[in-house]
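What follows is one structure encoded as structure tokens, with my remarks underneath.
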Amino acid sequence: MSHFTPVVAVHVAAALLALALGALVFLRRKGTATHGWMGRAWAGLMLVTAISTFWITGDDGKYSWIHGLSVFVTLAIPLAVFYAIRGNIARHRGLMTGLYVGALIVAGGFSLSPDRLLGKTLLGLVSHAEAADLRVDIQGVPAAGGRVLAALFDRAEDFPKGKAIAANFADAAGPTASILFTDLAPGEYAVAAYHDENGNGRLDANLMGQPIEAYGFSRDAAGMMGPPRFADAAVKVEAAGLAIKINLR
Amino acid sequence: MNRRNFLLKLSAVAAAAGLPASALADAWKDHFETALAGNPSLLAYRSASAETLSTARLALSGRIPARLRGTLYRNGPARHDRGELRYHHWFDGDGMIQAFRFSDDGVSHSGRFVRTAKYAAEAEAGRFLYAAFGTRLEGTRPVSGADSLNVANTSVLPFAGELLALWEGGSAYRLDPETLATLGPKAWRRDLTGMPFSAHPRLEADGTLWNFGVVNGRGLALYHIAAQGTLLKADLVPFEDVPMVHDFAVTERSLVFLLPPLVLDREKRASGASFLDSHVWNPQAPMRVLVVDKSDWAKRRWYELPAGFVFHLGNAWEDNAGVIRFDYMRANDASGMFQSLRQVMSGVRAPGEAARPTFAALNPASGSARQESRDEVAEFPRVDARMTGRRHARLFTLYSAKPRDPFGFQGVQRLDLDSGKADRFDYGAGFFPEEHIHVADPATSAEGSGWLLGTAIDLQRRVTVLSIFDALHVSDGPIAQASLPYALPAGLHGNFAPALSTALRYSSSARARASGSE
């Protein structure tokens with residue numbers, strides 16, 4: 001998964017500064033000495049923005065087609081500066097305007113789409129106030145030692161042995177433990193919890209496949225000779241959040 | 001219509017209507033109490049009169065042999081009801097350990113329930129909370145494994161410094177040998193936690209322990225444990241159509257399992273039938289015999305005997321030709337467990353097939369098996385433990401020449417297997433005899449020399465008596481008898497722990513004799 005790494009931070013900071021400085025350059029008089037050094041600074045910011053992307057990849061570690069734009073910008077910026085030095089003002093203006101609109105506004109806007117990292121990050125910041133917390137109070141931890149693990153599921157087909165959408169733990173210091181899941185979209189969730197007595201991160205089983213560490217499910221659901229169904233364990237998390245209890249056995 | 005017919009009819013109607021058995025719970029308790037007033041033999045199926053029992057000095061007639069020092073531990077279901085609910089099967093009740101201690105001061109008694117997880121939860125709630133072996137209960141608590149239902153009610157074994165209360169569907173429970181306080185479930189290894197460990201482990205002469213557990217739908221778990229209590233090996237032996245198995249036998253080279261055609265039907269189980277009623281009897285299928293090589297558990301031989309049901313085996317051994325010979329208590333079917341031991345809980349004597357001593361031979365060369373049975377009804381077979389896995393000539397059982405019912409016995413007998421002669425003591429109609437076990441005389445080595453120890457309920461005096469016989473002269477009657485001031489519920493199985501001082505004295509004198517003769 002891609003992450004908000006320091007390189008991404010540099011990339012975003014340079015792009016935002018370029019966006020602001022570029023607008024200023026467009027508004028002020030052209031051809032002055034100030035225009036010259038502001039323009040050179042803007043060119044530098046654009047190069048940082050473009051070149052930094054070569055250290056930013058997708059989940060698969062590969063470059064996407066948008067990196068083609070980075071290559072173009074890296075080559076076009078020195079060319080546009082070169083045009084100004086040579087006095088070819090028409091080509092300088094055309095290329096600089098195209099870079100500002102195409103590479104900063106259009107490409108920048110595109111990077112904020114919700115399926116991309118920056119879009120997701122932004123959406124996360126905006127919707128934070130809407131996200132709910134689920135507190136799971138676990139009771140009946142049979143012995144101190146090890147930790148208590150809780151896994152959160154939102155799909156029936158994953159519950160309880162498939163991939164959890166989140167898993168948290170707390171030290172097993174006494175008969176009870178509390179585990180918090182934050183930033184949940186309101187909806188139906190089921191929780192599976194167990195006492196990871198030896199801290200190996202697994203629910204250990206005996207020779208015949210029965211769990212030997214204490215476990216339990218939300219709504220204290222239990223199956224007949226097997227785990228319970230999602231529907232029997234599901235709780236509804238509203239925007240206001242929810243606290244539930246699970247008894248281990 | 002008499003009461004018995006009425007009750008049978010009532011349960012038949014209930015079964016036909018698909019009513020849960022617990023709908024009759026109140027009726028079972030009332031009917032049992034009423035029947036008990038007119039039939040003292042039902043004392044055997046009452047709950048224990050108290051949580052703990054203790055008598056420092058039992059009234060004694062005769063003399064306790066000087067070399068008989070130690071503790072006879074017995075176990076059995078002793079809490080059959082809570083609140084208004086009475087269990088519908090004798091095997092359902094919570095286990096209570098009885099300890100009879102033999103010292104120079106006489107015989108003392110103490111009794112205490114095994115405080116299993118189930119027992120503790122139900123004691124606190126004041127009612128039954130969990131599913132039982134033979135009773136279908138409504139609204140029971142969910143279980144996390146067989147140990148949630150463990151009643152630890154079948155036998156008790158002193159082994160490697162520990163005292164183990166045994167069931168067959170789950171873990172052994174560790175007890176304090178002195179106070180009988182419950183210490184917790186026994187895990188022989190972490191990945192054996194909560195595994196079934198049968199109530200009939202076989203202790204070999206060198207102190208090695210073998211046992212098994214039925215893993216429903218999968219096969220048998222096998223255990224091999226050193227005399228010091230350390231696990232040597234445990235594994236799963238898988239096979240098809242796993243039946244209810246209560247006991248097994250060992251020879252010097254093999255483990256012998258009798259598999260009656262009484263197989264668990266998982267659909268019945270899932271539909272909520274009790275564990276017992278989830279088993280289906282198939283009279284067309286044979287009694288399979290599984291022989292496992294002790295040194296290589298993958299080496300297995302299968303034999304077939306005619307359909308039959310078995311709880312207990314006496315002993316097994318291998319002759320020079322490799323033929324495996326063993327004795328077991330064979331019933332034609334499992335009706336004794338399905339009917340007699342169920343209906344008796346409502347005070348009704350229901351018919352059922354009784355078991356008879358049966359002698360079988362498995363021929364590995366031909367792959368054939370044959371058997372023959374004696375005429376008398378018998379159960380609770382025991383041998384001189386020094387003969388475990390070796391050729392034995394003496395078998396001790398309870399017997400009835402003419403059965404009163406499949407589990408009501410007349411007396412105790414020693415069978416001499418070479419001559420077929422029986423040496424018997426008849427308690428008479430006024431007694432309800434229970435398992436009698438053989439305790440070897442530490443000063444001798446001849447097979448059978450020693451004592452037979454067993455309890456019986458004196459139905460007239462309404463007390464339990466403990467009798468000691470010379471094991472080679474059973475028909476002489478008890479050489480000593482101790483009386484409790486109360487009647488205990490009928491128990492199942494027990495074992496004797498020799499006093500350390502006696503064991504040391506005679507093992508050192510045996511060594512002295514051995515070195516003196518060199």
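Residues are referred to by chain and number: the chain letter is A, B, ... according to the order shown in the structure tokens, the number counts from 1 in that chain, and ligands are numbered separately from 1 in the order shown.
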
Requested in this report: Select residues of chain A: the criterion is any atom within 9 Å of an atom of chain B, counting only C-alpha atoms; output as a ChimeraX atom specification.
Outcome: /A:204-208,210-212,214-215,221-225,249

Atoms to include: N, CA and C atoms. Write the selected residues as a PDB file, in the first residue's frame.
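So again-v6.pdb came out as:
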ATOM      1  N   ASP A 204      -4.443 -20.636  19.157  1.00  0.00           N
ATOM      2  CA  ASP A 204      -3.886 -21.989  19.123  1.00  0.00           C
ATOM      3  C   ASP A 204      -4.984 -23.037  19.290  1.00  0.00           C
ATOM      4  N   ALA A 205      -4.767 -24.191  18.658  1.00  0.00           N
ATOM      5  CA  ALA A 205      -5.738 -25.282  18.709  1.00  0.00           C
ATOM      6  C   ALA A 205      -5.057 -26.541  19.214  1.00  0.00           C
ATOM      7  N   ASN A 206      -5.857 -27.468  19.743  1.00  0.00           N
ATOM      8  CA  ASN A 206      -5.303 -28.747  20.181  1.00  0.00           C
ATOM      9  C   ASN A 206      -5.199 -29.706  18.995  1.00  0.00           C
ATOM     10  N   LEU A 207      -4.787 -30.923  19.295  1.00  0.00           N
ATOM     11  CA  LEU A 207      -4.521 -31.924  18.260  1.00  0.00           C
ATOM     12  C   LEU A 207      -5.751 -32.195  17.397  1.00  0.00           C
ATOM     13  N   MET A 208      -6.949 -31.977  17.962  1.00  0.00           N
ATOM     14  CA  MET A 208      -8.151 -32.232  17.179  1.00  0.00           C
ATOM     15  C   MET A 208      -8.758 -30.951  16.622  1.00  0.00           C
ATOM     16  N   GLN A 210      -9.566 -28.035  18.089  1.00  0.00           N
ATOM     17  CA  GLN A 210     -10.387 -27.156  18.920  1.00  0.00           C
ATOM     18  C   GLN A 210      -9.513 -26.070  19.535  1.00  0.00           C
ATOM     19  N   PRO A 211     -10.022 -24.827  19.590  1.00  0.00           N
ATOM     20  CA  PRO A 211      -9.235 -23.751  20.198  1.00  0.00           C
ATOM     21  C   PRO A 211      -8.874 -24.086  21.648  1.00  0.00           C
ATOM     22  N   ILE A 212      -7.635 -23.739  22.043  1.00  0.00           N
ATOM     23  CA  ILE A 212      -7.244 -23.963  23.432  1.00  0.00           C
ATOM     24  C   ILE A 212      -6.990 -22.646  24.144  1.00  0.00           C
ATOM     25  N   ALA A 214      -8.885 -18.944  25.216  1.00  0.00           N
ATOM     26  CA  ALA A 214     -10.258 -18.465  25.390  1.00  0.00           C
ATOM     27  C   ALA A 214     -10.607 -17.498  24.263  1.00  0.00           C
ATOM     28  N   TYR A 215     -11.824 -17.608  23.761  1.00  0.00           N
ATOM     29  CA  TYR A 215     -12.236 -16.753  22.650  1.00  0.00           C
ATOM     30  C   TYR A 215     -13.701 -16.373  22.801  1.00  0.00           C
ATOM     31  N   ALA A 221     -22.023 -14.256  20.494  1.00  0.00           N
ATOM     32  CA  ALA A 221     -22.581 -15.243  19.572  1.00  0.00           C
ATOM     33  C   ALA A 221     -21.791 -16.543  19.663  1.00  0.00           C
ATOM     34  N   ALA A 222     -22.476 -17.672  19.457  1.00  0.00           N
ATOM     35  CA  ALA A 222     -21.829 -18.980  19.484  1.00  0.00           C
ATOM     36  C   ALA A 222     -22.460 -19.837  18.408  1.00  0.00           C
ATOM     37  N   GLY A 223     -21.658 -20.643  17.769  1.00  0.00           N
ATOM     38  CA  GLY A 223     -22.177 -21.546  16.748  1.00  0.00           C
ATOM     39  C   GLY A 223     -22.420 -22.924  17.333  1.00  0.00           C
ATOM     40  N   MET A 224     -23.125 -23.750  16.597  1.00  0.00           N
ATOM     41  CA  MET A 224     -23.312 -25.144  16.984  1.00  0.00           C
ATOM     42  C   MET A 224     -22.176 -25.913  16.322  1.00  0.00           C
ATOM     43  N   MET A 225     -21.214 -26.394  17.093  1.00  0.00           N
ATOM     44  CA  MET A 225     -20.069 -27.124  16.557  1.00  0.00           C
ATOM     45  C   MET A 225     -19.340 -26.298  15.485  1.00  0.00           C
ATOM     46  N   ARG A 249     -14.584 -17.400  26.555  1.00  0.00           N
ATOM     47  CA  ARG A 249     -14.826 -18.690  27.185  1.00  0.00           C
ATOM     48  C   ARG A 249     -13.978 -19.745  26.523  1.00  0.00           C
TER      49      ARG A 249
END

Query raised in the report: Tell me, which residues of range 7-228 of chain A carry DSSP alpha helix (DSSP H), written as a PyMOL selection string?
Result: chain A and resi 7-27+33-52+67-86+89-98+107-111+117-127

Might you pull out every residue within 12 Å of range 106-121 of chain A, with only C-alpha atoms counted and same-chain residues fewer than 6 positions away left off, and present them as a short mmCIF file (atom, residue, chain, number, x, y, z; two decimals) with C-alpha atoms, in the first residue's frame?
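Result file follows (out_0.cif):
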data_model
loop_
_atom_site.label_atom_id
_atom_site.label_comp_id
_atom_site.auth_asym_id
_atom_site.auth_seq_id
_atom_site.Cartn_x
_atom_site.Cartn_y
_atom_site.Cartn_z
CA MET A 1 0.00 0.00 0.00
CA SER A 2 1.25 3.52 -0.81
CA HIS A 3 1.77 5.78 2.17
CA PHE A 4 2.15 9.44 3.00
CA THR A 5 5.96 9.25 3.01
CA VAL A 8 5.10 12.69 -0.77
CA ALA A 9 5.21 15.54 1.74
CA HIS A 11 6.10 16.72 -3.46
CA VAL A 12 2.86 18.17 -2.09
CA ALA A 14 6.54 22.04 -3.58
CA ALA A 15 3.39 21.74 -5.73
CA LEU A 16 1.31 23.95 -3.38
CA ALA A 18 4.40 26.51 -7.02
CA LEU A 19 0.63 26.92 -7.32
CA MET A 46 8.27 22.66 -10.41
CA THR A 49 7.56 18.53 -7.73
CA ALA A 50 8.24 16.53 -10.89
CA THR A 53 7.56 11.62 -8.15
CA ILE A 56 6.61 7.73 -5.38
CA THR A 57 5.04 4.56 -6.77
CA GLY A 58 1.74 2.67 -6.57
CA ASP A 59 0.92 -0.36 -4.41
CA SER A 64 1.95 4.93 -13.48
CA TRP A 65 1.24 6.80 -16.72
CA ILE A 66 1.18 10.05 -14.74
CA HIS A 67 4.96 9.77 -14.34
CA GLY A 68 5.11 10.55 -18.09
CA LEU A 69 4.02 14.06 -17.17
CA SER A 70 6.91 14.26 -14.68
CA VAL A 73 7.90 18.77 -16.91
CA GLY A 98 0.65 25.49 -20.48
CA LEU A 99 2.80 24.07 -17.67
CA TYR A 100 0.93 26.01 -14.99
CA SER A 127 -14.64 13.04 7.07
CA HIS A 128 -12.86 12.55 10.40
#

Report summary line: Students should find that CA of Leu175 in chain B and CA of Gly216 in chain A are spaced 28.7 Å

Requested in this report: Considering only C-alpha atoms, return as a list of chain:residue names whatever protein or nucleic-acid residues lie within 12 Å of Lys245 in chain A, sequence-local ones (same chain, fewer than 5 positions apart) excluded.
Outcome: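 Final neighbour list, sorted by chain and number: A:Leu134, A:Arg135, A:Val136, A:Asp137, A:Ile138, A:Gln139, A:Gly140, A:Ala150, A:Thr176, A:Ala177, A:Ser178, A:Ile179, A:Leu180, A:Ala190, A:Val191, A:Ala192, A:Ala193, A:Gly216, A:Phe217, A:Ser218, A:Arg219, A:Asp220, A:Ala221, A:Ala233, A:Val235.
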
Can you spit out the residues from that selection as a tab-separated table (two decimals), in the first residue's frame, using N, CA, C and O atoms?
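The result, written out as part.tsv:
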chain	number	residue	atom	x	y	z
A	134	LEU	N	-15.56	2.23	17.92
A	134	LEU	CA	-16.17	1.04	18.52
A	134	LEU	C	-15.26	0.59	19.65
A	134	LEU	O	-14.10	0.25	19.42
A	135	ARG	N	-15.80	0.62	20.88
A	135	ARG	CA	-15.01	0.17	22.01
A	135	ARG	C	-15.45	-1.24	22.39
A	135	ARG	O	-16.64	-1.50	22.56
A	136	VAL	N	-14.49	-2.14	22.51
A	136	VAL	CA	-14.80	-3.53	22.83
A	136	VAL	C	-14.23	-3.83	24.21
A	136	VAL	O	-13.01	-3.83	24.40
A	137	ASP	N	-15.13	-4.04	25.17
A	137	ASP	CA	-14.70	-4.41	26.52
A	137	ASP	C	-14.72	-5.92	26.63
A	137	ASP	O	-15.78	-6.54	26.49
A	138	ILE	N	-13.56	-6.48	26.85
A	138	ILE	CA	-13.44	-7.94	26.87
A	138	ILE	C	-13.38	-8.41	28.31
A	138	ILE	O	-12.58	-7.92	29.11
A	139	GLN	N	-14.25	-9.38	28.63
A	139	GLN	CA	-14.34	-9.90	30.00
A	139	GLN	C	-14.00	-11.37	30.02
A	139	GLN	O	-14.10	-12.04	29.00
A	140	GLY	N	-13.66	-11.86	31.19
A	140	GLY	CA	-13.40	-13.29	31.34
A	140	GLY	C	-12.07	-13.72	30.78
A	140	GLY	O	-11.92	-14.86	30.33
A	150	ALA	N	-8.38	-8.47	19.29
A	150	ALA	CA	-9.72	-8.36	18.74
A	150	ALA	C	-9.58	-8.03	17.26
A	150	ALA	O	-8.75	-7.21	16.87
A	176	THR	N	-10.14	-8.30	32.65
A	176	THR	CA	-10.80	-7.53	31.61
A	176	THR	C	-9.76	-6.76	30.80
A	176	THR	O	-8.66	-6.50	31.26
A	177	ALA	N	-10.14	-6.41	29.59
A	177	ALA	CA	-9.28	-5.61	28.71
A	177	ALA	C	-10.18	-4.81	27.79
A	177	ALA	O	-11.32	-5.21	27.53
A	178	SER	N	-9.69	-3.67	27.34
A	178	SER	CA	-10.49	-2.82	26.48
A	178	SER	C	-9.72	-2.53	25.19
A	178	SER	O	-8.53	-2.23	25.23
A	179	ILE	N	-10.42	-2.67	24.07
A	179	ILE	CA	-9.78	-2.45	22.77
A	179	ILE	C	-10.65	-1.49	21.98
A	179	ILE	O	-11.87	-1.61	21.96
A	180	LEU	N	-9.99	-0.50	21.32
A	180	LEU	CA	-10.72	0.55	20.61
A	180	LEU	C	-10.45	0.45	19.11
A	180	LEU	O	-9.30	0.33	18.69
A	190	ALA	N	-18.73	-7.11	12.95
A	190	ALA	CA	-18.67	-8.21	13.92
A	190	ALA	C	-17.23	-8.28	14.44
A	190	ALA	O	-16.28	-7.98	13.71
A	191	VAL	N	-17.10	-8.65	15.71
A	191	VAL	CA	-15.78	-8.70	16.33
A	191	VAL	C	-15.50	-10.11	16.83
A	191	VAL	O	-16.38	-10.76	17.42
A	192	ALA	N	-14.31	-10.61	16.57
A	192	ALA	CA	-13.83	-11.87	17.14
A	192	ALA	C	-12.66	-11.52	18.05
A	192	ALA	O	-11.78	-10.75	17.67
A	193	ALA	N	-12.68	-12.06	19.27
A	193	ALA	CA	-11.62	-11.73	20.22
A	193	ALA	C	-11.11	-13.02	20.85
A	193	ALA	O	-11.83	-14.01	20.96
A	216	GLY	N	-14.12	-15.39	22.01
A	216	GLY	CA	-15.52	-14.98	22.05
A	216	GLY	C	-15.82	-14.06	20.88
A	216	GLY	O	-14.91	-13.63	20.16
A	217	PHE	N	-17.10	-13.78	20.69
A	217	PHE	CA	-17.54	-12.97	19.57
A	217	PHE	C	-18.49	-11.88	20.06
A	217	PHE	O	-19.09	-12.01	21.14
A	218	SER	N	-18.62	-10.82	19.24
A	218	SER	CA	-19.57	-9.77	19.59
A	218	SER	C	-20.96	-10.39	19.76
A	218	SER	O	-21.29	-11.38	19.13
A	219	ARG	N	-21.75	-9.80	20.61
A	219	ARG	CA	-23.08	-10.29	21.04
A	219	ARG	C	-22.96	-11.68	21.67
A	219	ARG	O	-23.96	-12.42	21.74
A	220	ASP	N	-21.73	-12.05	22.10
A	220	ASP	CA	-21.48	-13.38	22.67
A	220	ASP	C	-22.08	-14.48	21.80
A	220	ASP	O	-22.59	-15.49	22.30
A	221	ALA	N	-22.02	-14.26	20.49
A	221	ALA	CA	-22.58	-15.24	19.57
A	221	ALA	C	-21.79	-16.54	19.66
A	221	ALA	O	-20.60	-16.54	19.94
A	233	ALA	N	-23.47	-12.24	15.06
A	233	ALA	CA	-22.47	-11.51	15.84
A	233	ALA	C	-22.44	-10.02	15.49
A	233	ALA	O	-21.79	-9.24	16.18
A	235	VAL	N	-22.97	-6.10	15.01
A	235	VAL	CA	-23.52	-4.96	15.77
A	235	VAL	C	-23.55	-3.75	14.83
A	235	VAL	O	-22.75	-3.64	13.90

Query raised in the report: So how far away is CA of Pro381 in chain B from CA of Thr444 in chain B, in Å?
Result: 22.1 Å

Requested in this report: Can you pull out every residue within 8 Å of Ile225 in chain B, counting only C-alpha atoms, but drop anything in the same chain fewer than 4 positions away, and send it as a list in words?
Outcome: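 Result of the neighbour search: Thr208, Leu209, Trp210, Gly229, Thr230, Leu231, Leu232 and Lys233 of chain B.
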
Please produce a file of the residues just selected, as a JSON list (two decimals), in the first residue's frame, where the atoms kept are N, CA and C atoms.
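Output (part11.json):
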[["chain", "number", "residue", "atom", "x", "y", "z"],
["B", 208, "THR", "N", 4.06, -47.73, 33.23],
["B", 208, "THR", "CA", 3.71, -46.98, 32.01],
["B", 208, "THR", "C", 2.20, -46.95, 31.84],
["B", 209, "LEU", "N", 1.70, -45.82, 31.39],
["B", 209, "LEU", "CA", 0.25, -45.66, 31.22],
["B", 209, "LEU", "C", -0.08, -45.52, 29.74],
["B", 210, "TRP", "N", -1.10, -46.27, 29.31],
["B", 210, "TRP", "CA", -1.65, -46.11, 27.96],
["B", 210, "TRP", "C", -3.08, -45.62, 28.10],
["B", 229, "GLY", "N", 4.97, -39.68, 34.76],
["B", 229, "GLY", "CA", 3.92, -38.74, 34.39],
["B", 229, "GLY", "C", 4.26, -37.89, 33.19],
["B", 230, "THR", "N", 5.41, -38.12, 32.56],
["B", 230, "THR", "CA", 5.75, -37.34, 31.37],
["B", 230, "THR", "C", 5.20, -38.02, 30.13],
["B", 231, "LEU", "N", 4.72, -37.21, 29.22],
["B", 231, "LEU", "CA", 4.13, -37.75, 27.99],
["B", 231, "LEU", "C", 5.23, -38.28, 27.08],
["B", 232, "LEU", "N", 5.08, -39.53, 26.64],
["B", 232, "LEU", "CA", 6.03, -40.10, 25.70],
["B", 232, "LEU", "C", 5.57, -39.85, 24.27],
["B", 233, "LYS", "N", 4.27, -40.00, 24.06],
["B", 233, "LYS", "CA", 3.75, -39.82, 22.70],
["B", 233, "LYS", "C", 2.24, -39.64, 22.77]]

Query - Nearby residues (only C-alpha atoms) at most 12 Å from His88 in chain B, same-chain spacing under 2 positions excluded, as a VMD selection string - result: chain B and resid 11 20 to 29 31 to 32 45 80 to 81 85 to 86 90 to 93 131 to 137 274 276 to 277 337 to 348

Report summary line: Residue with the minimum atom-to-atom distance to Arg253 in chain B, picked from B:Gly389, B:Gly169, B:Gly420, B:Gly336 with only C-alpha atoms counted, is B:Gly389

Query raised in the report: By how many Å are CA of Val256 in chain B and CA of Phe359 in chain B apart?
Result: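 Between these atoms lies a distance of 13.7 Å.
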
**Report entry** Of the listed residues B:Gly491, B:Ala378, B:Pro442, B:His473, that which approaches Gly454 in chain B most closely, counting only C-alpha atoms
**Finding:**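 Under the stated criterion, the closest residue is B:Gly491.
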
Query raised in the report: In range 8-242 of chain A, what's strand (DSSP E or B) per DSSP? Answer as a ChimeraX atom specification?
Result: /A:132-139,147-153,166-171,177-184,187-196,205,211,215-217,235-237,242

Query - For Leu157 in chain B: contacts at 9 Å, only C-alpha atoms, fewer than 6 positions along chain excluded, given as a VMD selection string - result: chain B and resid 73 to 74 163 to 166 199 201 494 to 497

Report task. Find the residue from A:Ala144, A:Ala156, A:Met96, A:Val71 that sits nearest to Trp42 in chain A; use only C-alpha atoms when measuring. Result ->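 Once distances to Trp42 in chain A are computed over only C-alpha atoms, the minimum belongs to A:Met96.
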